[in-house]
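Engineer: After the structure tokens below, expect a handful of questions from me.
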Amino acid sequence: MPGGIQEVRVTENIRNAAHFATDTINAENKQKQRGSKWHTLISINNPRQQVVNGFLYRMEITLKESECRNQESHNGATITECPPRDNGATKKCNVKVWHQHQRIPEYTLEREECFDI
């Protein structure tokens with residue numbers, strides 16, 4: 001249904017949008033805190049999409065502080081590549097990511113709200 005928000009299952013596009021949001025949140029954290037640790041994507045919950053000149057994805061992602069340093073080379077890192085620390089800080093983020101195949105970059109983080117859990 002064009003224009004309407006629909007609940008969807010986690011697809012490759014949803015995973016890519018979640019990783020993009022994770023990378024962007026990590027970049028923002030790095031600017032705020034020198035020496036911060038990379039937060040690894042742990043889960044994707046409640047994904048929804050809206051068709052609007054591309055796709056607007058809304059979801060809740062769970063991030064956990066990892067063993068890796070927060071640096072750009074970890075963009076897209078998996079839970080295997082940057083495993084979460086046992087006592088690492090965990091946060092939930094409600095994100096809205098716009099995906100447009102014809103644009104570069106394809107993804108834009110429209111909104112994020114993160115809180116520690």
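By order of appearance in the structure tokens: chains A, B, ..., then residues from 1 within every chain, and ligands from 1 in the order shown.
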Which neighbours of Gln33 (chain A) fall inside 12 Å, counting only C-alpha atoms, when residues of the same chain fewer than 6 positions from it are skipped, and could you give them as a ChimeraX atom specification?
Structural biologist: /A:26-27,69-71
Engineer: List every residue of chain A that DSSP, applied to the backbone, labels as strand (DSSP E or B), and write the result as a PyMOL selection string.
Structural biologist: chain A and resi 5-7+37-51+55-69+84+90-99+107-116
Engineer: Find the spatial neighbours of region 72-74 of chain A, counting only C-alpha atoms, within a cut-off of 12 Å - ignore same-chain residues fewer than 6 positions away - and output them as a PyMOL selection string.
Structural biologist: chain A and resi 19-20+22-31+37-41+66+80-83
Engineer: What would the file look like if the residues just selected were written as a PDB file, in the first residue's frame with N, CA and C atoms?
Structural biologist:
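What landed in result-v2.pdb:
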ATOM      1  N   HIS A  19      22.306  -1.456   9.854  1.00  0.00           N
ATOM      2  CA  HIS A  19      23.767  -1.292   9.925  1.00  0.00           C
ATOM      3  C   HIS A  19      24.164   0.150   9.609  1.00  0.00           C
ATOM      4  N   PHE A  20      23.490   0.766   8.652  1.00  0.00           N
ATOM      5  CA  PHE A  20      23.770   2.170   8.346  1.00  0.00           C
ATOM      6  C   PHE A  20      23.490   3.038   9.576  1.00  0.00           C
ATOM      7  N   THR A  22      23.490   2.099  12.695  1.00  0.00           N
ATOM      8  CA  THR A  22      24.511   1.766  13.694  1.00  0.00           C
ATOM      9  C   THR A  22      25.806   2.510  13.402  1.00  0.00           C
ATOM     10  N   ASP A  23      26.245   2.484  12.150  1.00  0.00           N
ATOM     11  CA  ASP A  23      27.475   3.181  11.758  1.00  0.00           C
ATOM     12  C   ASP A  23      27.371   4.681  12.036  1.00  0.00           C
ATOM     13  N   THR A  24      26.217   5.265  11.721  1.00  0.00           N
ATOM     14  CA  THR A  24      26.016   6.700  11.921  1.00  0.00           C
ATOM     15  C   THR A  24      26.004   7.055  13.409  1.00  0.00           C
ATOM     16  N   ILE A  25      25.327   6.250  14.206  1.00  0.00           N
ATOM     17  CA  ILE A  25      25.285   6.478  15.659  1.00  0.00           C
ATOM     18  C   ILE A  25      26.689   6.367  16.238  1.00  0.00           C
ATOM     19  N   ASN A  26      27.470   5.368  15.793  1.00  0.00           N
ATOM     20  CA  ASN A  26      28.849   5.232  16.263  1.00  0.00           C
ATOM     21  C   ASN A  26      29.689   6.440  15.877  1.00  0.00           C
ATOM     22  N   ALA A  27      29.520   6.957  14.663  1.00  0.00           N
ATOM     23  CA  ALA A  27      30.273   8.138  14.230  1.00  0.00           C
ATOM     24  C   ALA A  27      29.926   9.339  15.109  1.00  0.00           C
ATOM     25  N   GLU A  28      28.641   9.504  15.446  1.00  0.00           N
ATOM     26  CA  GLU A  28      28.235  10.605  16.320  1.00  0.00           C
ATOM     27  C   GLU A  28      28.836  10.442  17.711  1.00  0.00           C
ATOM     28  N   ASN A  29      28.852   9.203  18.224  1.00  0.00           N
ATOM     29  CA  ASN A  29      29.436   8.944  19.547  1.00  0.00           C
ATOM     30  C   ASN A  29      30.928   9.238  19.558  1.00  0.00           C
ATOM     31  N   LYS A  30      31.606   8.905  18.464  1.00  0.00           N
ATOM     32  CA  LYS A  30      33.053   9.142  18.382  1.00  0.00           C
ATOM     33  C   LYS A  30      33.355  10.637  18.476  1.00  0.00           C
ATOM     34  N   GLN A  31      32.530  11.460  17.845  1.00  0.00           N
ATOM     35  CA  GLN A  31      32.731  12.909  17.906  1.00  0.00           C
ATOM     36  C   GLN A  31      32.526  13.433  19.319  1.00  0.00           C
ATOM     37  N   LYS A  37      34.198   3.039  22.632  1.00  0.00           N
ATOM     38  CA  LYS A  37      34.140   1.701  22.043  1.00  0.00           C
ATOM     39  C   LYS A  37      33.042   1.652  20.985  1.00  0.00           C
ATOM     40  N   TRP A  38      33.231   0.769  20.020  1.00  0.00           N
ATOM     41  CA  TRP A  38      32.243   0.544  18.972  1.00  0.00           C
ATOM     42  C   TRP A  38      31.030  -0.147  19.570  1.00  0.00           C
ATOM     43  N   HIS A  39      29.841   0.288  19.212  1.00  0.00           N
ATOM     44  CA  HIS A  39      28.610  -0.388  19.625  1.00  0.00           C
ATOM     45  C   HIS A  39      28.154  -1.292  18.479  1.00  0.00           C
ATOM     46  N   THR A  40      28.051  -2.575  18.774  1.00  0.00           N
ATOM     47  CA  THR A  40      27.681  -3.589  17.789  1.00  0.00           C
ATOM     48  C   THR A  40      26.169  -3.755  17.750  1.00  0.00           C
ATOM     49  N   LEU A  41      25.636  -3.953  16.547  1.00  0.00           N
ATOM     50  CA  LEU A  41      24.213  -4.217  16.370  1.00  0.00           C
ATOM     51  C   LEU A  41      23.900  -5.614  16.902  1.00  0.00           C
ATOM     52  N   SER A  66      31.220  -2.982  22.323  1.00  0.00           N
ATOM     53  CA  SER A  66      32.010  -4.144  21.913  1.00  0.00           C
ATOM     54  C   SER A  66      33.456  -4.031  22.385  1.00  0.00           C
ATOM     55  N   THR A  80      30.308 -10.976  15.078  1.00  0.00           N
ATOM     56  CA  THR A  80      31.491 -11.844  15.104  1.00  0.00           C
ATOM     57  C   THR A  80      32.766 -11.017  15.016  1.00  0.00           C
ATOM     58  N   GLU A  81      32.753  -9.982  14.180  1.00  0.00           N
ATOM     59  CA  GLU A  81      33.933  -9.138  13.984  1.00  0.00           C
ATOM     60  C   GLU A  81      34.190  -8.208  15.176  1.00  0.00           C
ATOM     61  N   CYS A  82      33.140  -7.723  15.802  1.00  0.00           N
ATOM     62  CA  CYS A  82      33.252  -6.864  16.986  1.00  0.00           C
ATOM     63  C   CYS A  82      32.314  -7.411  18.064  1.00  0.00           C
ATOM     64  N   PRO A  83      32.756  -8.465  18.755  1.00  0.00           N
ATOM     65  CA  PRO A  83      31.879  -9.098  19.750  1.00  0.00           C
ATOM     66  C   PRO A  83      31.570  -8.156  20.914  1.00  0.00           C
TER      67      PRO A  83
END
Engineer: Interatomic distance between CA of Asp116 (chain A) and CA of Val10 (chain A)?
Structural biologist: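 Value for the CA of Asp116 (chain A)-CA of Val10 (chain A) distance: 23.5 Å.
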Engineer: In Å, how far is it from CA of Ile14 (chain A) to CA of Ile117 (chain A)?
Structural biologist: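 Spanning CA of Ile14 (chain A) to CA of Ile117 (chain A) is a straight-line distance of 23.1 Å.
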Engineer: Just the residues within 12 Å of Val52 (chain A), please, counting only C-alpha atoms, with nothing from its chain fewer than 2 positions along; format it as a tab-separated table (two decimals) with all heavy atoms, in the first residue's frame.
Structural biologist:
chain	number	residue	atom	x	y	z
A	1	MET	N	0.84	-1.17	0.00
A	1	MET	CA	0.00	0.00	0.00
A	1	MET	C	0.90	1.24	0.00
A	1	MET	O	1.53	1.55	1.02
A	1	MET	CB	-0.88	-0.04	1.25
A	1	MET	CG	-1.70	1.18	1.47
A	1	MET	SD	-2.96	0.84	2.69
A	1	MET	CE	-2.47	1.92	3.98
A	2	PRO	N	1.00	1.96	-1.11
A	2	PRO	CA	1.85	3.15	-1.18
A	2	PRO	C	1.43	4.20	-0.15
A	2	PRO	O	0.25	4.48	0.02
A	2	PRO	CB	1.64	3.67	-2.60
A	2	PRO	CG	1.17	2.49	-3.37
A	2	PRO	CD	0.39	1.65	-2.39
A	3	GLY	N	2.42	4.74	0.56
A	3	GLY	CA	2.18	5.79	1.53
A	3	GLY	C	1.84	5.31	2.92
A	3	GLY	O	2.05	6.02	3.89
A	4	GLY	N	1.32	4.09	3.05
A	4	GLY	CA	0.97	3.56	4.36
A	4	GLY	C	2.15	2.89	5.03
A	4	GLY	O	3.06	2.39	4.37
A	5	ILE	N	2.14	2.86	6.35
A	5	ILE	CA	3.20	2.20	7.11
A	5	ILE	C	2.79	0.75	7.31
A	5	ILE	O	1.67	0.48	7.77
A	5	ILE	CB	3.43	2.89	8.47
A	5	ILE	CG1	3.85	4.34	8.25
A	5	ILE	CG2	4.46	2.14	9.29
A	5	ILE	CD1	3.89	5.17	9.51
A	49	GLN	N	7.87	-0.36	7.25
A	49	GLN	CA	8.31	0.41	6.08
A	49	GLN	C	7.15	1.21	5.52
A	49	GLN	O	5.99	0.84	5.67
A	49	GLN	CB	8.92	-0.49	5.02
A	49	GLN	CG	7.94	-1.28	4.20
A	49	GLN	CD	8.61	-2.08	3.11
A	49	GLN	OE1	9.80	-2.35	3.14
A	49	GLN	NE2	7.84	-2.48	2.13
A	50	GLN	N	7.52	2.30	4.87
A	50	GLN	CA	6.57	3.17	4.20
A	50	GLN	C	7.17	3.49	2.83
A	50	GLN	O	8.36	3.81	2.73
A	50	GLN	CB	6.37	4.44	5.02
A	50	GLN	CG	5.38	5.41	4.46
A	50	GLN	CD	5.18	6.62	5.37
A	50	GLN	OE1	5.93	6.82	6.33
A	50	GLN	NE2	4.20	7.42	5.06
A	54	GLY	N	11.02	6.02	-2.51
A	54	GLY	CA	11.98	5.11	-1.91
A	54	GLY	C	11.29	4.43	-0.75
A	54	GLY	O	10.07	4.28	-0.75
A	55	PHE	N	12.06	4.01	0.23
A	55	PHE	CA	11.49	3.36	1.40
A	55	PHE	C	11.93	4.08	2.66
A	55	PHE	O	13.11	4.40	2.81
A	55	PHE	CB	11.95	1.90	1.48
A	55	PHE	CG	11.41	1.05	0.36
A	55	PHE	CD1	12.16	0.82	-0.78
A	55	PHE	CD2	10.15	0.48	0.45
A	55	PHE	CE1	11.67	0.05	-1.80
A	55	PHE	CE2	9.65	-0.30	-0.58
A	55	PHE	CZ	10.41	-0.51	-1.71
A	56	LEU	N	10.99	4.30	3.54
A	56	LEU	CA	11.29	4.85	4.85
A	56	LEU	C	11.12	3.71	5.85
A	56	LEU	O	10.02	3.17	5.99
A	56	LEU	CB	10.33	6.00	5.17
A	56	LEU	CG	10.63	6.80	6.42
A	56	LEU	CD1	12.02	7.44	6.36
A	56	LEU	CD2	9.58	7.88	6.62
A	57	TYR	N	12.23	3.31	6.46
A	57	TYR	CA	12.22	2.21	7.42
A	57	TYR	C	12.22	2.77	8.83
A	57	TYR	O	13.00	3.67	9.15
A	57	TYR	CB	13.45	1.31	7.24
A	57	TYR	CG	13.57	0.68	5.89
A	57	TYR	CD1	14.67	0.92	5.08
A	57	TYR	CD2	12.58	-0.18	5.42
A	57	TYR	CE1	14.79	0.33	3.83
A	57	TYR	CE2	12.69	-0.77	4.17
A	57	TYR	CZ	13.80	-0.51	3.38
A	57	TYR	OH	13.91	-1.10	2.15
A	97	VAL	N	15.17	5.41	8.88
A	97	VAL	CA	16.18	5.45	7.82
A	97	VAL	C	15.47	5.50	6.47
A	97	VAL	O	14.60	4.67	6.17
A	97	VAL	CB	17.09	4.20	7.88
A	97	VAL	CG1	18.12	4.25	6.76
A	97	VAL	CG2	17.77	4.09	9.23
A	98	TRP	N	15.86	6.47	5.67
A	98	TRP	CA	15.30	6.62	4.33
A	98	TRP	C	16.24	5.94	3.34
A	98	TRP	O	17.45	6.21	3.35
A	98	TRP	CB	15.15	8.09	4.01
A	98	TRP	CG	14.31	8.41	2.83
A	98	TRP	CD1	13.47	7.59	2.13
A	98	TRP	CD2	14.20	9.69	2.19
A	98	TRP	NE1	12.86	8.26	1.12
A	98	TRP	CE2	13.29	9.55	1.13
A	98	TRP	CE3	14.80	10.92	2.41
A	98	TRP	CZ2	12.96	10.60	0.29
A	98	TRP	CZ3	14.47	11.97	1.57
A	98	TRP	CH2	13.55	11.82	0.53
A	99	HIS	N	15.70	5.06	2.50
A	99	HIS	CA	16.48	4.33	1.51
A	99	HIS	C	15.98	4.69	0.11
A	99	HIS	O	14.83	4.44	-0.23
A	99	HIS	CB	16.34	2.82	1.75
A	99	HIS	CG	17.11	1.99	0.79
A	99	HIS	ND1	16.76	0.71	0.49
A	99	HIS	CD2	18.22	2.23	0.07
A	99	HIS	CE1	17.61	0.19	-0.37
A	99	HIS	NE2	18.50	1.11	-0.65
A	100	GLN	N	16.88	5.28	-0.68
A	100	GLN	CA	16.57	5.64	-2.06
A	100	GLN	C	17.65	5.04	-2.96
A	100	GLN	O	18.80	5.48	-2.92
A	100	GLN	CB	16.52	7.15	-2.25
A	100	GLN	CG	15.38	7.81	-1.49
A	100	GLN	CD	15.42	9.30	-1.70
A	100	GLN	OE1	16.32	9.97	-1.19
A	100	GLN	NE2	14.45	9.83	-2.42
Engineer: Would you kindly return, as a short mmCIF file (atom, residue, chain, number, x, y, z; two decimals) with N, CA and C atoms, in the first residue's frame, each protein, DNA or RNA residue with an atom no farther than 10 Å from any atom of Arg111 (chain A), considering only C-alpha atoms and excluding same-chain residues fewer than 5 positions away?
Structural biologist:
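Once written, around19.cif looks like this:
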data_model
loop_
_atom_site.label_atom_id
_atom_site.label_comp_id
_atom_site.auth_asym_id
_atom_site.auth_seq_id
_atom_site.Cartn_x
_atom_site.Cartn_y
_atom_site.Cartn_z
N ALA A 21 22.35 2.81 10.23
CA ALA A 21 22.02 3.58 11.44
C ALA A 21 23.07 3.35 12.52
N ARG A 58 11.37 2.20 9.67
CA ARG A 58 11.35 2.53 11.10
C ARG A 58 11.56 1.24 11.86
N CYS A 93 17.73 1.98 20.37
CA CYS A 93 17.55 3.17 19.55
C CYS A 93 16.35 2.98 18.64
N ASN A 94 15.48 3.97 18.62
CA ASN A 94 14.40 4.01 17.64
C ASN A 94 14.92 4.85 16.49
N VAL A 95 14.98 4.23 15.31
CA VAL A 95 15.57 4.92 14.17
C VAL A 95 14.59 4.96 13.00
N LYS A 96 14.81 5.96 12.17
CA LYS A 96 14.05 6.12 10.93
C LYS A 96 15.09 6.35 9.83
N VAL A 97 15.17 5.41 8.88
CA VAL A 97 16.18 5.45 7.82
C VAL A 97 15.47 5.50 6.47
N TRP A 98 15.86 6.47 5.67
CA TRP A 98 15.30 6.62 4.33
C TRP A 98 16.24 5.94 3.34
#
Engineer: Can you tell me how far CA of Ala89 (chain A) sits from CA of Glu7 (chain A), in Å to one decimal?
Structural biologist: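 Separation between CA of Ala89 (chain A) and CA of Glu7 (chain A): 28.8 Å.
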Engineer: Pick from A:Asn45, A:Thr62, A:Gln102, A:Thr90: nearest to Thr11 (chain A), with only C-alpha atoms counted?
Structural biologist: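 Between A:Asn45, A:Thr62, A:Gln102, A:Thr90, the residue approaching Thr11 (chain A) most closely is A:Asn45.
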Engineer: Taking the backbone alone, and naming residues the way the document does, which bits of chain A are helix (DSSP H, G or I) by DSSP, as an mmCIF file with N, CA, C and O atoms, in the first residue's frame?
Structural biologist:
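Result written to part_8.cif:
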data_model
loop_
_atom_site.group_PDB
_atom_site.id
_atom_site.type_symbol
_atom_site.label_atom_id
_atom_site.label_comp_id
_atom_site.auth_asym_id
_atom_site.auth_seq_id
_atom_site.Cartn_x
_atom_site.Cartn_y
_atom_site.Cartn_z
ATOM 1 N N GLU A 12 17.037 -8.159 3.834
ATOM 2 C CA GLU A 12 18.392 -7.641 3.601
ATOM 3 C C GLU A 12 18.388 -6.112 3.621
ATOM 4 O O GLU A 12 19.292 -5.497 4.183
ATOM 5 N N ASN A 13 17.373 -5.484 3.016
ATOM 6 C CA ASN A 13 17.296 -4.017 3.015
ATOM 7 C C ASN A 13 17.122 -3.462 4.429
ATOM 8 O O ASN A 13 17.721 -2.442 4.775
ATOM 9 N N ILE A 14 16.331 -4.132 5.254
ATOM 10 C CA ILE A 14 16.155 -3.704 6.649
ATOM 11 C C ILE A 14 17.478 -3.847 7.394
ATOM 12 O O ILE A 14 17.893 -2.945 8.133
ATOM 13 N N ARG A 15 18.169 -4.979 7.195
ATOM 14 C CA ARG A 15 19.474 -5.174 7.857
ATOM 15 C C ARG A 15 20.470 -4.103 7.414
ATOM 16 O O ARG A 15 21.211 -3.559 8.231
ATOM 17 N N ASN A 16 20.505 -3.803 6.119
ATOM 18 C CA ASN A 16 21.415 -2.765 5.615
ATOM 19 C C ASN A 16 21.092 -1.407 6.238
ATOM 20 O O ASN A 16 22.002 -0.654 6.613
ATOM 21 N N ALA A 17 19.802 -1.091 6.355
ATOM 22 C CA ALA A 17 19.392 0.179 6.973
ATOM 23 C C ALA A 17 19.789 0.206 8.452
ATOM 24 O O ALA A 17 20.255 1.228 8.960
ATOM 25 N N ALA A 18 19.638 -0.932 9.147
ATOM 26 C CA ALA A 18 20.013 -1.002 10.567
ATOM 27 C C ALA A 18 21.522 -0.830 10.740
ATOM 28 O O ALA A 18 21.979 -0.140 11.657
ATOM 29 N N HIS A 19 22.306 -1.456 9.854
ATOM 30 C CA HIS A 19 23.767 -1.292 9.925
ATOM 31 C C HIS A 19 24.164 0.150 9.609
ATOM 32 O O HIS A 19 25.072 0.698 10.245
ATOM 33 N N PHE A 20 23.490 0.766 8.652
ATOM 34 C CA PHE A 20 23.770 2.170 8.346
ATOM 35 C C PHE A 20 23.490 3.038 9.576
ATOM 36 O O PHE A 20 24.303 3.905 9.935
ATOM 37 N N ALA A 21 22.352 2.811 10.230
ATOM 38 C CA ALA A 21 22.018 3.580 11.436
ATOM 39 C C ALA A 21 23.065 3.350 12.523
ATOM 40 O O ALA A 21 23.507 4.295 13.177
ATOM 41 N N THR A 22 23.490 2.099 12.695
ATOM 42 C CA THR A 22 24.511 1.766 13.694
ATOM 43 C C THR A 22 25.806 2.510 13.402
ATOM 44 O O THR A 22 26.412 3.102 14.300
ATOM 45 N N ASP A 23 26.245 2.484 12.150
ATOM 46 C CA ASP A 23 27.475 3.181 11.758
ATOM 47 C C ASP A 23 27.371 4.681 12.036
ATOM 48 O O ASP A 23 28.316 5.303 12.538
ATOM 49 N N THR A 24 26.217 5.265 11.721
ATOM 50 C CA THR A 24 26.016 6.700 11.921
ATOM 51 C C THR A 24 26.004 7.055 13.409
ATOM 52 O O THR A 24 26.616 8.038 13.831
ATOM 53 N N ILE A 25 25.327 6.250 14.206
ATOM 54 C CA ILE A 25 25.285 6.478 15.659
ATOM 55 C C ILE A 25 26.689 6.367 16.238
ATOM 56 O O ILE A 25 27.093 7.177 17.074
ATOM 57 N N ASN A 26 27.470 5.368 15.793
ATOM 58 C CA ASN A 26 28.849 5.232 16.263
ATOM 59 C C ASN A 26 29.689 6.440 15.877
ATOM 60 O O ASN A 26 30.490 6.927 16.674
ATOM 61 N N ALA A 27 29.520 6.957 14.663
ATOM 62 C CA ALA A 27 30.273 8.138 14.230
ATOM 63 C C ALA A 27 29.926 9.339 15.109
ATOM 64 O O ALA A 27 30.815 10.115 15.491
ATOM 65 N N GLU A 28 28.641 9.504 15.446
ATOM 66 C CA GLU A 28 28.235 10.605 16.320
ATOM 67 C C GLU A 28 28.836 10.442 17.711
ATOM 68 O O GLU A 28 29.280 11.420 18.319
ATOM 69 N N ASN A 29 28.852 9.203 18.224
ATOM 70 C CA ASN A 29 29.436 8.944 19.547
ATOM 71 C C ASN A 29 30.928 9.238 19.558
ATOM 72 O O ASN A 29 31.460 9.745 20.548
ATOM 73 N N LYS A 30 31.606 8.905 18.464
ATOM 74 C CA LYS A 30 33.053 9.142 18.382
ATOM 75 C C LYS A 30 33.355 10.637 18.476
ATOM 76 O O LYS A 30 34.325 11.035 19.111
ATOM 77 N N GLN A 31 32.530 11.460 17.845
ATOM 78 C CA GLN A 31 32.731 12.909 17.906
ATOM 79 C C GLN A 31 32.526 13.433 19.319
ATOM 80 O O GLN A 31 33.173 14.381 19.744
ATOM 81 N N LYS A 32 31.615 12.802 20.071
ATOM 82 C CA LYS A 32 31.318 13.255 21.434
ATOM 83 C C LYS A 32 32.333 12.739 22.447
ATOM 84 O O LYS A 32 32.631 13.418 23.419
ATOM 85 N N GLU A 72 36.151 4.220 11.976
ATOM 86 C CA GLU A 72 35.404 4.057 10.732
ATOM 87 C C GLU A 72 35.622 2.695 10.081
ATOM 88 O O GLU A 72 34.730 2.173 9.418
ATOM 89 N N SER A 73 36.781 2.093 10.291
ATOM 90 C CA SER A 73 37.059 0.790 9.669
ATOM 91 C C SER A 73 36.107 -0.295 10.168
ATOM 92 O O SER A 73 36.002 -1.357 9.552
ATOM 93 N N HIS A 74 35.377 -0.036 11.254
ATOM 94 C CA HIS A 74 34.433 -1.021 11.766
ATOM 95 C C HIS A 74 33.021 -0.837 11.210
ATOM 96 O O HIS A 74 32.112 -1.582 11.579
#
Engineer: Identify which of the residues A:Ile104, A:Ile61, A:Cys68, A:Ile44 lies closest to Pro84 (chain A), counting only C-alpha atoms when measuring atom-to-atom distances.
Structural biologist: A:Cys68
Engineer: Restricting the calculation to only C-alpha atoms, which member of A:Lys64, A:Arg9, A:Phe115, A:Ile42 is positioned closest to Arg85 (chain A)?
Structural biologist: A:Lys64
Engineer: Name the closest residue to Gly88 (chain A) among the candidates A:Glu65, A:Ser43, A:Glu112, A:Gln6; distances are taken between atoms, counting only C-alpha atoms.
Structural biologist: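 Among the listed residues, A:Glu65 lies closest to Gly88 (chain A).
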